[in-house]
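Single-structure report; data block below.
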Amino acid sequence: MSTTTQHITRSAISITIGGVLLGVGGAAQARQDAGPTVPPDFATCGLARVGTQFVSCDDLTGNDVPAPLWIPER
C-alpha cells in the first residue's frame with residue numbers, strides 16, 4: 001500500500017469515527033435547576049411576580065430567571 005493510500009484511509013477512518021462520536025453525543029440542552037424542596041407552609045402561598053422576579057410568600061425565587069408576564073403580579 002502506498003503512503004498516499006494509507007493517509008487517505010486513515011483520514012477516512014478518523015472522519016468516520018469523529019462523525020459517529022458527534023452523533024452519539026447529541027445536542028446539549030439547558031434546563032433550570034430544580035432547587036431544594038419546598039417546605040409545606042410555603043406550598044400554600046402560590047406563585048406571583050414582582051416586576052420580573054418570581055415571588056412565593058415573601059421570598060424571591062427563580063434564580064434570577066425572568067418571570068413571564070402571564071404570572072400574576074403582586
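Letters for chains follow the order of the C-alpha cells (A, B, ...), residue numbers begin at 1 for each chain, and ligand numbers begin at 1 in the order shown.
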Q | Near-Leu60 of chain A list (12 Å; only C-alpha atoms; drop same-chain fewer than 5 positions) as a PyMOL selection string | A | chain A and resi 42+47-55+65-67
Margin query: Just want the 12 Å neighbourhood of Gly35 of chain A, counted on only C-alpha atoms, with same-chain residues fewer than 5 positions away dropped. Output as a PyMOL selection string.
Written below: chain A and resi 61-63
Restrict the selected residues to N, CA and C atoms and save them as a PDB file, in the first residue's frame.
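Okay, again25.pdb is ready:
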ATOM      1  N   THR A  61     -37.857  33.830  44.362  1.00  0.00           N
ATOM      2  CA  THR A  61     -37.480  32.504  43.882  1.00  0.00           C
ATOM      3  C   THR A  61     -37.055  32.626  42.429  1.00  0.00           C
ATOM      4  N   GLY A  62     -36.581  31.575  41.820  1.00  0.00           N
ATOM      5  CA  GLY A  62     -36.333  31.540  40.395  1.00  0.00           C
ATOM      6  C   GLY A  62     -34.913  31.776  39.947  1.00  0.00           C
ATOM      7  N   ASN A  63     -33.946  31.964  40.856  1.00  0.00           N
ATOM      8  CA  ASN A  63     -32.533  32.112  40.476  1.00  0.00           C
ATOM      9  C   ASN A  63     -32.310  33.179  39.421  1.00  0.00           C
TER      10      ASN A  63
END
The distance between atom CA of Thr44 of chain A and atom CA of Cys57 of chain A is 8.5 Å
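Atom CA of Ala30 of chain A lies 25.6 Å from atom CA of Gly46 of chain A.
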